[in-house]
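S.K.: Questions regarding the structure given below will be posed in turn.
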Amino acid sequence: MQRNHWLARKITAFAIGMLPLLASAQDGAEQYLPYELSIDLNKIAPEDTVLIGTVNPFDKAQVQLRAQFISPAGDTVAVNGFYSEDFALLQDSTRHHEHWPYLPHEYVGAQNKNVRAWNVRFVPEMPGTWRYSAEFVVNAGERIIPAAAGQLECSAGNPRNGIARLSNRQYFTFPGGEPFLPLGINVAVHPEWSAEKPILTFYELYFKRMSENGGNFARIWVDFYECLYLFRHAEAPGRIAMPDADYIDHIVSIAERYGIKLQVCLFAANNFENPANETGLTVWNDKNTFSDRLGGPCRDPRDFFDTANAGAMAMQKNFIGYIIDRWGSSPSVLSWELINEAEGVTNDSALMVSWHREMYRYIKSCDVYQHAVTSSFMAGADRCAGAIKTIFSAMDYASLHRYVDQCGYRSQNSKDIWYACTASYRRELPDVPVCLGETGSFASNPNVCVCVLTDSLALNYHSELWASLFYGGIMPISYWNWYIFIQREIPGMPASNYLKQFPAVKTFMQTMPPMGTKGYVPNMIQPAEKNQLRAYYMQNRSERELWGWVQDEHLQINKLIVPVKNTGHAYLSALDSAVRPPRTDERNILKIKGLPVSGKYRICWYSTETGLLVAEEQRRAILRRIALAVPDALLNGRYGDAAFSLIYTDAGSK
């Protein structure tokens, strides 16, 4: 479990008028961990303090805190500071949320402590003595106010505590080069979206349970108007909502504590909706601080993406810059997502392309830690063409959203659809990593609760999660319906089995090559008429190896759930072999064609209940084909499946 770094460990530097400054650090720093420098405004000349207090602290043209850190090797790292206010989170242990009674207590408000501060957060990535200085730049450089200077001693640290970056457009790695293997879900906002007061214990509970089960990744939003909304309309346009910023401090701190890395979504299409909601308000006109109805620079949502709109661009960059300055140093931040489901705002392709390019360029210019940047598109995004292709070609990775209604349409198989979805991107954008950042089954079906209740032991999620290890993405699928991972969705539903799928997957992921490794091509095997096995695998021809997953076709969710007859419901609820649908092919032969070469291969079989190796054998491929006998013990298990690998071991005939 990681420590809470920068909320608890602070260093105060003192500035004394215009005199030379040299303040010693009151505490040491540790390599790779965030280090916070707090500016004491009481030590600055009174007239300068007044000047700083009269300008908008969120407008970099009016005031900016700039710091420089000089490494032991003499390299200079420039970092921006940020303005903050402290709040006391008020929670009532006697009150519990009406729809989420399992939360420890309800969050009822935030009380401003009237403590206003300027801080710099920085990550020293080299041990030794660092020197630093900081200054306020007021009114675009009309006034420069020295703020701090000093030095700090940085001890050697563990690279696994550091910021993970996308390495060679393949997969994420820690500073030491060790791969970071994401495994998690969306935890975008508190599920009770009608609440203006988010519940902090919600994130504590989710991140804790995820960590206990081996999860290490979550996608969050910072701008949903119903609850957590950094860009909430405050006393004037262009200001950050300080209670929400303080709340995000705590969310990021919780993520640090439990080792969860975050894909942080900066904007959401939901905040640009024009139709009136049930209260008679429109989100754009009555909630969105960019709207000219609220004093913002945009007449309509389309204006938000117009790079020729100088006011909109300046306001967005100030907001994004603030997020980077305040949270970019945290090891829990994995990547930035520009906008959730961009085409939900406008279909103007030219505007969308130019906006993405401009925002990507801006983030890369001010994010000293060079986090990966992505964006996301909704259903239908598997058609990689036009503006979507152009946009993703300039991103560090593509984030796709794809839902499958397997309950209402028996012919749909989520795994086949996801494979086709990512395959189109790999063909059109072979150098751009891809992930299914938001997905789920039964999403559009009115009987969603019935379907989830029926599959109480998460057989469908188990199958989808294992198959997604080999679809060619940089991480497994991320479900949107996060509430089913913790507790019951509806009264009477047994305790969720969803997070319990993580440990075995994590164990196996540590065995296989990191997802996203170049050279691995996804494939699938559809069940033949006399062979009821379905398989998904990835193959590397140069490395002459293959990794995959196979399952009895009768245990596909769309074969078990039939709306009329309810066939298979008993097995879904209990995973009991006594009520399991019979297999028609007891030979369990999986035939694989098109291997890299003929010759001898080592075949390893892994249990999907533990992720561990359970059987190993040697077989020879002839004419680059091989027939694998899947162990009965695995196919007869509760999930009727197995993970496997084939590694070439000799110089047999080509």
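Chain lettering (A, B, ...) mirrors the order of the structure tokens, residue numbering begins at 1 for each chain separately, and ligand numbering begins at 1 in order of display.
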Run DSSP on the backbone and tell me which residues of range 21-257 of chain A come out as strand (DSSP E); list them as a ChimeraX atom specification.
M.R.: /A:23-24,29-30,35-39,63-70,76-80,82-92,106-122,128-138,143-155,165-167,171-173,179-180,184-186,217-221
S.K.: So that I can check the surroundings of range 177-183 of chain A, please list as a ChimeraX atom specification every protein, DNA and RNA residue that reaches within 7 Å of it, counting only C-alpha atoms and ignoring chain neighbours fewer than 6 positions away.
M.R.: /A:164,215-217,475-476,514
S.K.: Got a sec: who's within 9 Å of Arg580 in chain A, counting only C-alpha atoms, leaving out chain neighbours fewer than 5 positions off, as a ChimeraX atom specification?
M.R.: /A:555,568,570-572,575,638
S.K.: Using only C-alpha atoms, which of the listed residues (A:Leu294, A:Ile260, A:Cys227, A:Ile70) sits closest to Met126 in chain A?
M.R.: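 Closest residue, counting only C-alpha atoms: A:Ile70.
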S.K.: Please compute the CA of Gly150 in chain A-CA of Ala73 in chain A distance, one decimal, in Å.
M.R.: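 About the pair CA of Gly150 in chain A and CA of Ala73 in chain A: they are 16.7 Å apart.
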S.K.: Of the candidates A:Glu464, A:Glu543, A:Asp300, A:Asp59, which shows the shortest atom-to-atom distance to Gly321 in chain A, using only C-alpha atoms?
M.R.: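 For Gly321 in chain A, the nearest of the given residues is A:Asp59.
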S.K.: Pick from A:Ala528, A:Met242, A:Val521, A:Ala188: nearest to Ser478 in chain A, with only C-alpha atoms counted?
M.R.: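 Under the stated criterion, the closest residue is A:Ala188.
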S.K.: If I take CA of Ile477 in chain A and CA of Pro596 in chain A, how far is one from the other in Å, to one decimal?
M.R.: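 Between CA of Ile477 in chain A and CA of Pro596 in chain A the gap works out to 27.5 Å.
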S.K.: Mind checking which residues fall within 12 Å of Val55 in chain A, counting only C-alpha atoms, ignoring those fewer than 4 positions away in the same chain, and posting them as a ChimeraX atom specification?
M.R.: /A:48-51,59-64,83,136-140,238-239
S.K.: With only C-alpha atoms as the counted atoms, please give the residues lying no more than 8 Å from Gly328 in chain A, apart from itself and same-chain residues fewer than 3 positions off, as a list in words.
M.R.: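 Listed by chain and then number, they are Ile323, Ile324, Asp325, Val333, Asp367 and Tyr369 of chain A.
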S.K.: How would the residues just chosen look if you wrote them out with C-alpha atoms as a PDB file, in the first residue's frame?
M.R.:
ATOM      1  CA  ILE A 323      -5.123  20.457 -13.323  1.00  0.00           C
ATOM      2  CA  ILE A 324      -1.626  19.627 -14.548  1.00  0.00           C
ATOM      3  CA  ASP A 325       0.033  21.978 -12.043  1.00  0.00           C
ATOM      4  CA  VAL A 333      -2.029  10.041 -12.443  1.00  0.00           C
ATOM      5  CA  ASP A 367       3.233  18.833 -18.571  1.00  0.00           C
ATOM      6  CA  TYR A 369       6.159  14.732 -16.641  1.00  0.00           C
TER       7      TYR A 369
END
S.K.: Could you give me the residues within range 108-294 of chain A that DSSP places in alpha helix (DSSP H), as a count of residues only?
M.R.: 33
S.K.: When distances are computed from only C-alpha atoms, which of A:Trp355, A:Glu341, A:Asn158, A:Gly637 shows the smallest separation from Asn309 in chain A?
M.R.: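 Among the listed residues, A:Trp355 lies closest to Asn309 in chain A.
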S.K.: Please list as a ChimeraX atom specification every residue within 7 Å of Gly128 in chain A, counting only C-alpha atoms and excluding residues in the same chain fewer than 3 positions away.
M.R.: /A:72,153-155
